[in-house]
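Coordinates as given in structure_25.pdb (PDB, C-alpha atoms and all ligand atoms):
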```pdb
ATOM      1  CA  MET G 261       0.000   0.000   0.000
ATOM      2  CA  SER G 262       1.465   3.353  -0.958
ATOM      3  CA  THR G 263       1.239   6.473   1.174
ATOM      4  CA  GLN G 264      -0.027   9.536  -0.635
ATOM      5  CA  ILE G 265       1.670  12.731   0.478
ATOM      6  CA  VAL G 266      -0.689  15.668   0.324
ATOM      7  CA  ASN G 267       0.857  19.106   0.130
ATOM      8  CA  ILE G 268      -1.313  21.322   2.300
ATOM      9  CA  GLN G 269      -0.570  25.024   2.073
ATOM     10  CA  PRO G 270      -0.315  26.597   5.538
ATOM     11  CA  LEU G 271      -2.774  29.439   6.087
ATOM     12  CA  SER G 272       0.099  31.853   6.612
ATOM     13  CA  GLN G 273       0.993  31.534   2.932
ATOM     14  CA  PRO G 274      -0.267  34.346   0.699
ATOM     15  CA  VAL G 275      -3.404  33.407  -1.219
ATOM     16  CA  ASP G 276      -3.623  34.478  -4.846
ATOM     17  CA  LEU G 277      -7.253  35.240  -5.687
ATOM     18  CA  GLY G 278      -6.350  35.927  -9.305
ATOM     19  CA  VAL G 279      -8.204  39.246  -9.317
ATOM     20  CA  GLU G 280      -7.411  42.925  -8.965
ATOM     21  CA  PRO G 281      -8.542  44.599  -5.736
ATOM     22  CA  ALA G 282     -11.829  46.509  -5.887
ATOM     23  CA  LYS G 283     -11.722  50.269  -6.449
ATOM     24  CA  PHE G 284     -13.961  52.808  -4.721
ATOM     25  CA  SER G 285     -14.882  56.437  -5.164
ATOM     26  CA  PRO G 286     -13.037  59.141  -3.177
ATOM     27  CA  GLN G 287     -16.189  59.512  -1.030
ATOM     28  CA  VAL G 288     -16.158  55.833  -0.085
ATOM     29  CA  GLU G 289     -12.404  55.932   0.543
ATOM     30  CA  ALA G 290     -12.962  58.913   2.852
ATOM     31  CA  GLU G 291     -15.689  57.000   4.703
ATOM     32  CA  ILE G 292     -13.298  54.077   5.115
ATOM     33  CA  ASP G 293     -10.572  56.436   6.389
ATOM     34  CA  ARG G 294     -12.989  57.797   9.001
ATOM     35  CA  HIS G 295     -13.653  54.288  10.303
ATOM     36  CA  LEU G 296      -9.954  53.391  10.344
ATOM     37  CA  ALA G 297      -9.205  56.516  12.394
ATOM     38  CA  LYS G 298     -11.472  55.247  15.213
ATOM     39  CA  TYR G 299      -9.339  52.192  15.996
ATOM     40  CA  PRO G 300      -5.812  52.039  17.423
ATOM     41  CA  VAL G 301      -5.370  48.633  15.773
ATOM     42  CA  MET G 302      -6.236  48.725  12.089
ATOM     43  CA  ARG G 303      -7.697  45.231  11.831
ATOM     44  CA  SER G 304     -10.324  46.129  14.455
ATOM     45  CA  ALA G 305     -12.131  48.034  11.695
ATOM     46  CA  ILE G 306     -12.713  44.811   9.778
ATOM     47  CA  LEU G 307     -16.504  44.619  10.273
ATOM     48  CA  PRO G 308     -17.398  48.254   9.508
ATOM     49  CA  LEU G 309     -15.220  48.070   6.402
ATOM     50  CA  MET G 310     -16.820  44.808   5.336
ATOM     51  CA  PHE G 311     -20.246  46.409   5.543
ATOM     52  CA  ILE G 312     -19.082  49.272   3.342
ATOM     53  CA  VAL G 313     -17.564  46.944   0.749
ATOM     54  CA  GLN G 314     -20.696  44.789   0.814
ATOM     55  CA  ARG G 315     -22.944  47.827   0.422
ATOM     56  CA  GLU G 316     -20.901  49.059  -2.542
ATOM     57  CA  ARG G 317     -20.484  45.727  -4.322
ATOM     58  CA  GLY G 318     -23.649  43.865  -3.284
ATOM     59  CA  TYR G 319     -21.665  41.139  -1.557
ATOM     60  CA  LEU G 320     -18.134  40.396  -0.462
ATOM     61  CA  ASP G 321     -16.679  39.283  -3.785
ATOM     62  CA  PRO G 322     -13.016  38.321  -4.348
ATOM     63  CA  PRO G 323     -11.944  41.863  -5.450
ATOM     64  CA  GLY G 324     -13.652  43.218  -2.312
ATOM     65  CA  VAL G 325     -11.902  40.651  -0.129
ATOM     66  CA  LEU G 326      -8.541  41.550  -1.676
ATOM     67  CA  TYR G 327      -9.199  45.268  -1.200
ATOM     68  CA  LEU G 328      -9.933  44.695   2.499
ATOM     69  CA  ALA G 329      -6.843  42.527   2.984
ATOM     70  CA  ASN G 330      -4.650  45.218   1.417
ATOM     71  CA  ARG G 331      -6.330  48.103   3.231
ATOM     72  CA  LEU G 332      -6.211  46.418   6.660
ATOM     73  CA  LYS G 333      -2.777  44.891   6.031
ATOM     74  CA  VAL G 334      -3.968  41.392   6.892
ATOM     75  CA  ARG G 335      -4.085  38.100   5.016
ATOM     76  CA  VAL G 336      -6.894  37.211   2.644
ATOM     77  CA  THR G 337      -7.619  34.276   4.961
ATOM     78  CA  ASP G 338      -8.120  36.695   7.888
ATOM     79  CA  ILE G 339     -10.818  38.468   5.886
ATOM     80  CA  TRP G 340     -12.338  35.199   4.790
ATOM     81  CA  GLU G 341     -12.479  33.806   8.356
ATOM     82  CA  VAL G 342     -14.579  36.757   9.509
ATOM     83  CA  ALA G 343     -16.696  36.947   6.360
ATOM     84  CA  THR G 344     -17.749  33.311   6.606
ATOM     85  CA  PHE G 345     -18.497  33.509  10.351
ATOM     86  CA  TYR G 346     -21.145  36.244  10.291
ATOM     87  CA  SER G 347     -24.447  35.578   8.523
ATOM     88  CA  MET G 348     -24.869  39.302   7.787
ATOM     89  CA  ILE G 349     -21.820  39.231   5.539
ATOM     90  CA  HIS G 350     -22.611  37.686   2.171
ATOM     91  CA  THR G 351     -19.998  35.836   0.201
ATOM     92  CA  GLU G 352     -22.450  35.152  -2.643
ATOM     93  CA  PRO G 353     -24.865  37.570  -4.336
ATOM     94  CA  VAL G 354     -28.220  37.899  -2.547
ATOM     95  CA  GLY G 355     -31.595  39.213  -3.666
ATOM     96  CA  LYS G 356     -33.006  42.666  -2.948
ATOM     97  CA  TYR G 357     -34.655  41.197   0.145
ATOM     98  CA  HIS G 358     -32.636  38.694   2.128
ATOM     99  CA  ILE G 359     -34.926  36.667   4.379
ATOM    100  CA  GLN G 360     -32.946  35.073   7.200
ATOM    101  CA  VAL G 361     -35.082  32.672   9.218
ATOM    102  CA  CYS G 362     -33.735  31.928  12.698
ATOM    103  CA  LYS G 363     -33.481  28.161  13.133
ATOM    104  CA  THR G 364     -32.084  28.009  16.682
ATOM    105  CA  LEU G 365     -33.776  26.425  19.701
ATOM    106  CA  SER G 366     -36.522  28.883  20.749
ATOM    107  CA  CYS G 367     -37.495  29.570  17.162
ATOM    108  CA  LYS G 368     -37.287  25.881  16.285
ATOM    109  CA  ILE G 369     -39.627  24.973  19.155
ATOM    110  CA  MET G 370     -42.019  27.756  18.142
ATOM    111  CA  GLY G 371     -42.217  26.697  14.505
ATOM    112  CA  ALA G 372     -39.202  28.000  12.581
ATOM    113  CA  GLY G 373     -39.482  24.988  10.275
ATOM    114  CA  LYS G 374     -42.994  26.058   9.268
ATOM    115  CA  VAL G 375     -41.792  29.643   8.705
ATOM    116  CA  THR G 376     -39.089  28.432   6.335
ATOM    117  CA  GLU G 377     -41.510  26.074   4.612
ATOM    118  CA  HIS G 378     -44.108  28.794   4.159
ATOM    119  CA  CYS G 379     -41.553  31.242   2.696
ATOM    120  CA  SER G 380     -40.151  28.508   0.507
ATOM    121  CA  GLN G 381     -43.570  27.609  -0.907
ATOM    122  CA  LYS G 382     -44.690  31.205  -1.305
ATOM    123  CA  LEU G 383     -41.532  32.251  -3.142
ATOM    124  CA  GLY G 384     -40.899  28.994  -5.004
ATOM    125  CA  ILE G 385     -37.292  28.691  -3.784
ATOM    126  CA  LYS G 386     -35.392  26.467  -1.391
ATOM    127  CA  VAL G 387     -33.108  27.636   1.430
ATOM    128  CA  GLY G 388     -29.959  29.116  -0.107
ATOM    129  CA  GLU G 389     -31.711  30.096  -3.348
ATOM    130  CA  THR G 390     -32.741  33.425  -4.874
ATOM    131  CA  THR G 391     -35.930  34.020  -6.875
ATOM    132  CA  ALA G 392     -35.448  34.336 -10.629
ATOM    133  CA  ASP G 393     -36.389  38.033 -10.497
ATOM    134  CA  GLY G 394     -33.623  38.678  -7.943
ATOM    135  CA  ARG G 395     -36.062  39.967  -5.311
ATOM    136  CA  PHE G 396     -35.775  37.355  -2.565
ATOM    137  CA  THR G 397     -33.052  35.157  -1.103
ATOM    138  CA  LEU G 398     -34.046  32.660   1.584
ATOM    139  CA  SER G 399     -31.559  31.603   4.272
ATOM    140  CA  GLU G 400     -31.627  29.899   7.652
ATOM    141  CA  VAL G 401     -29.357  31.373  10.319
ATOM    142  CA  GLU G 402     -28.451  30.849  13.953
ATOM    143  CA  CYS G 403     -29.998  32.805  16.847
ATOM    144  CA  LEU G 404     -30.661  36.461  16.064
ATOM    145  CA  GLY G 405     -31.145  37.392  19.728
ATOM    146  CA  SER G 406     -34.914  37.744  19.556
ATOM    147  CA  CYS G 407     -35.721  34.425  21.240
ATOM    148  CA  GLY G 408     -38.584  35.827  23.363
ATOM    149  CA  THR G 409     -40.581  36.681  20.243
ATOM    150  CA  ALA G 410     -39.973  33.440  18.352
ATOM    151  CA  PRO G 411     -40.424  32.428  15.632
ATOM    152  CA  MET G 412     -38.799  35.270  13.783
ATOM    153  CA  PHE G 413     -36.888  36.240  10.698
ATOM    154  CA  GLN G 414     -34.808  39.177   9.593
ATOM    155  CA  ILE G 415     -35.308  40.840   6.215
ATOM    156  CA  ASN G 416     -32.245  42.920   5.406
ATOM    157  CA  PHE G 417     -31.849  44.932   8.643
ATOM    158  CA  ASP G 418     -35.442  44.620   9.947
ATOM    159  CA  TYR G 419     -36.667  42.064  12.479
ATOM    160  CA  HIS G 420     -40.132  40.492  12.149
ATOM    161  CA  GLU G 421     -41.319  38.560  15.177
ATOM    162  CA  ASN G 422     -44.088  36.236  16.426
ATOM    163  CA  LEU G 423     -44.503  35.048  12.861
ATOM    164  CA  THR G 424     -47.539  33.204  11.569
ATOM    165  CA  PRO G 425     -48.278  32.246   7.954
ATOM    166  CA  GLU G 426     -50.740  35.163   7.701
ATOM    167  CA  LYS G 427     -48.208  37.617   9.105
ATOM    168  CA  ILE G 428     -45.512  36.351   6.730
ATOM    169  CA  ASP G 429     -47.870  36.892   3.786
ATOM    170  CA  GLN G 430     -48.612  40.441   4.918
ATOM    171  CA  ILE G 431     -44.923  41.274   5.389
ATOM    172  CA  LEU G 432     -43.798  39.857   2.058
ATOM    173  CA  ASP G 433     -46.753  41.205   0.081
ATOM    174  CA  LYS G 434     -46.164  44.739   1.395
ATOM    175  CA  LEU G 435     -42.525  44.925   0.317
ATOM    176  CA  PRO G 436     -42.088  47.446  -2.500
TER     177      PRO G 436
HETATM  178  S1  LIG G 501     -33.604  31.302  18.927
HETATM  179 FE1  LIG G 501     -34.433  32.526  17.336
HETATM  180  S2  LIG G 501     -33.898  34.509  17.901
HETATM  181 FE2  LIG G 501     -32.938  33.275  19.391
END
```
Let me see the structure of the file written as structure tokens.
Amino acid sequence: MSTQIVNIQPLSQPVDLGVEPAKFSPQVEAEIDRHLAKYPVMRSAILPLMFIVQRERGYLDPPGVLYLANRLKVRVTDIWEVATFYSMIHTEPVGKYHIQVCKTLSCKIMGAGKVTEHCSQKLGIKVGETTADGRFTLSEVECLGSCGTAPMFQINFDYHENLTPEKIDQILDKLP
């Protein structure tokens, strides 16, 4: 039996994304500078800067990741570790309305599964998918800190609580 030697690249090695870093307007650069000035350690500004890059590019794409790594003087993997930890940072394009259904204990007990199922049926998409018109993306996420008003979901930055099928219909039908 032969032993296969696998060459695993340590994380400290530079990662080549094969793209040029994103470019932003002077106004956005100035906004980024203002955030950087608030922190004695540059990398502490990672989340505010990620939100700006996401807002400008729609999601954290490879050029955006590279821009952040260069700007914060950290490794691409440092950016990626944070980006993939937080559900509010998107590493894939999302629809105009991102529905994030909480699937953790309180919400699960109170019917999170039915909330997801109702959204899924109403919109004709599965979890992780976006409607063909680009309006809705459906995701399931961990606790959003609103356990006392379970079941709940977040649409973009707004919380919607004590959900029922009727309430979900009202919320989704009212969106412009
Ligand atoms: S368990 Fe759903 S908000 Fe905490």
Take the PyMOL selection byres (((chain G and resi 318-321) around 9) and not hetatm), run it mentally on this structure, and tell me the resulting residues as a short mmCIF file (atom, residue, chain, number, x, y, z; two decimals) with C-alpha atoms, keeping the file's coordinate frame.
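Output contents, as saved in expr.cif:
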```cif
data_model
loop_
_atom_site.label_atom_id
_atom_site.label_comp_id
_atom_site.auth_asym_id
_atom_site.auth_seq_id
_atom_site.Cartn_x
_atom_site.Cartn_y
_atom_site.Cartn_z
CA ALA G 282 -11.83 46.51 -5.89
CA MET G 310 -16.82 44.81 5.34
CA PHE G 311 -20.25 46.41 5.54
CA VAL G 313 -17.56 46.94 0.75
CA GLN G 314 -20.70 44.79 0.81
CA ARG G 315 -22.94 47.83 0.42
CA GLU G 316 -20.90 49.06 -2.54
CA ARG G 317 -20.48 45.73 -4.32
CA PRO G 322 -13.02 38.32 -4.35
CA PRO G 323 -11.94 41.86 -5.45
CA GLY G 324 -13.65 43.22 -2.31
CA VAL G 325 -11.90 40.65 -0.13
CA LEU G 326 -8.54 41.55 -1.68
CA ALA G 343 -16.70 36.95 6.36
CA ILE G 349 -21.82 39.23 5.54
CA HIS G 350 -22.61 37.69 2.17
CA THR G 351 -20.00 35.84 0.20
CA GLU G 352 -22.45 35.15 -2.64
CA PRO G 353 -24.86 37.57 -4.34
CA VAL G 354 -28.22 37.90 -2.55
#
```
Within 6 Å of ligand LIG 501 (chain G), which residues of chain G come that close, and what is the closest atom pair and distance in Å for each? Count all atoms listed in the file and give it as a Markdown table.
```
| residue | atom | partner | partner_atom | distance |
| --- | --- | --- | --- | --- |
| G:Cys362 | CA | G:LIG501 | FE1 | 4.7 |
| G:Thr364 | CA | G:LIG501 | S1 | 4.3 |
| G:Leu365 | CA | G:LIG501 | S1 | 4.9 |
| G:Ser366 | CA | G:LIG501 | S1 | 4.2 |
| G:Cys367 | CA | G:LIG501 | FE1 | 4.3 |
| G:Cys403 | CA | G:LIG501 | FE2 | 3.9 |
| G:Leu404 | CA | G:LIG501 | S2 | 4.2 |
| G:Gly405 | CA | G:LIG501 | S2 | 4.4 |
| G:Ser406 | CA | G:LIG501 | S2 | 3.8 |
| G:Cys407 | CA | G:LIG501 | FE2 | 3.5 |
| G:Ala410 | CA | G:LIG501 | FE1 | 5.7 |
```
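For the residues G:Ile339, G:Lys382, G:Leu296, G:Leu309, ranking by smallest atom-to-atom distance to Asp429 (chain G) using all atoms listed in the file places G:Lys382 first.
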Find the residues with any atom within 9 Å of (-34.9, 25.2, 1.2); use all atoms listed in the file and the coordinates as given in the file, and write the answer as a PyMOL selection string.
-> chain G and resi 376-377+380+385-389+398-400
Expand the PyMOL selection byres (((chain G and resi 357) around 7) and not hetatm) into the individual residues it matches in the shown file, reporting them as a compact mmCIF listing (two decimals) with C-alpha atoms, keeping the file's coordinate frame.
```txt
# COMPACT_ATOMS: atom_id res chain seq x y z
CA GLY G 355 -31.60 39.21 -3.67
CA LYS G 356 -33.01 42.67 -2.95
CA HIS G 358 -32.64 38.69 2.13
CA ILE G 359 -34.93 36.67 4.38
CA ARG G 395 -36.06 39.97 -5.31
CA PHE G 396 -35.78 37.35 -2.56
CA THR G 397 -33.05 35.16 -1.10
CA ILE G 415 -35.31 40.84 6.22
CA ASN G 416 -32.24 42.92 5.41
```
Coordinates-based distance that separates CA of Thr391 (chain G) from CA of Glu426 (chain G) (Å, one decimal) = 20.8 Å
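For the pair CA of Arg294 (chain G) and CA of Trp340 (chain G), the interatomic distance is 23.0 Å.
Comparing the minimum interatomic distances between Leu332 (chain G) and each of G:Ser347, G:Ser304, G:Gln430, G:Asn422, counting all atoms listed in the file, we find that G:Ser304 sits nearest.
Nearest residue to Met302 (chain G) among G:Asn330, G:Gln414, G:Thr344, G:Thr409 is G:Asn330, counting all atoms listed in the file.
The closest residue to Asp433 (chain G), picked from G:Ala392, G:Cys379, G:Met348, G:Val336 and counting only C-alpha atoms, is G:Cys379.
Restricting the calculation to all atoms listed in the file, the smallest distance between Asp276 (chain G) and any of G:Ala290, G:Val301, G:Ile306, G:Ala329 is found for G:Ala329.
Straight-line separation from CA of Lys363 (chain G) to CA of Val342 (chain G): 21.1 Å.
Of the residues under consideration (G:Gly408, G:Pro436, G:Ser285, G:Val275), G:Val275 shows the shortest atom-to-atom contact distance to Arg335 (chain G) when counting all atoms listed in the file.
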Can you spell out as a CSV table (one decimal) with C-alpha atoms, in the frame of the given file the set of residues that the PyMOL selection byres (((chain G and resi 423) around 9) and not hetatm) selects in the structure I just provided?
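The resulting expr.csv:
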```csv
chain,number,residue,atom,x,y,z
G,371,GLY,CA,-42.2,26.7,14.5
G,372,ALA,CA,-39.2,28.0,12.6
G,375,VAL,CA,-41.8,29.6,8.7
G,409,THR,CA,-40.6,36.7,20.2
G,410,ALA,CA,-40.0,33.4,18.4
G,411,PRO,CA,-40.4,32.4,15.6
G,412,MET,CA,-38.8,35.3,13.8
G,413,PHE,CA,-36.9,36.2,10.7
G,420,HIS,CA,-40.1,40.5,12.1
G,421,GLU,CA,-41.3,38.6,15.2
G,422,ASN,CA,-44.1,36.2,16.4
G,424,THR,CA,-47.5,33.2,11.6
G,425,PRO,CA,-48.3,32.2,8.0
G,426,GLU,CA,-50.7,35.2,7.7
G,427,LYS,CA,-48.2,37.6,9.1
G,428,ILE,CA,-45.5,36.4,6.7
```
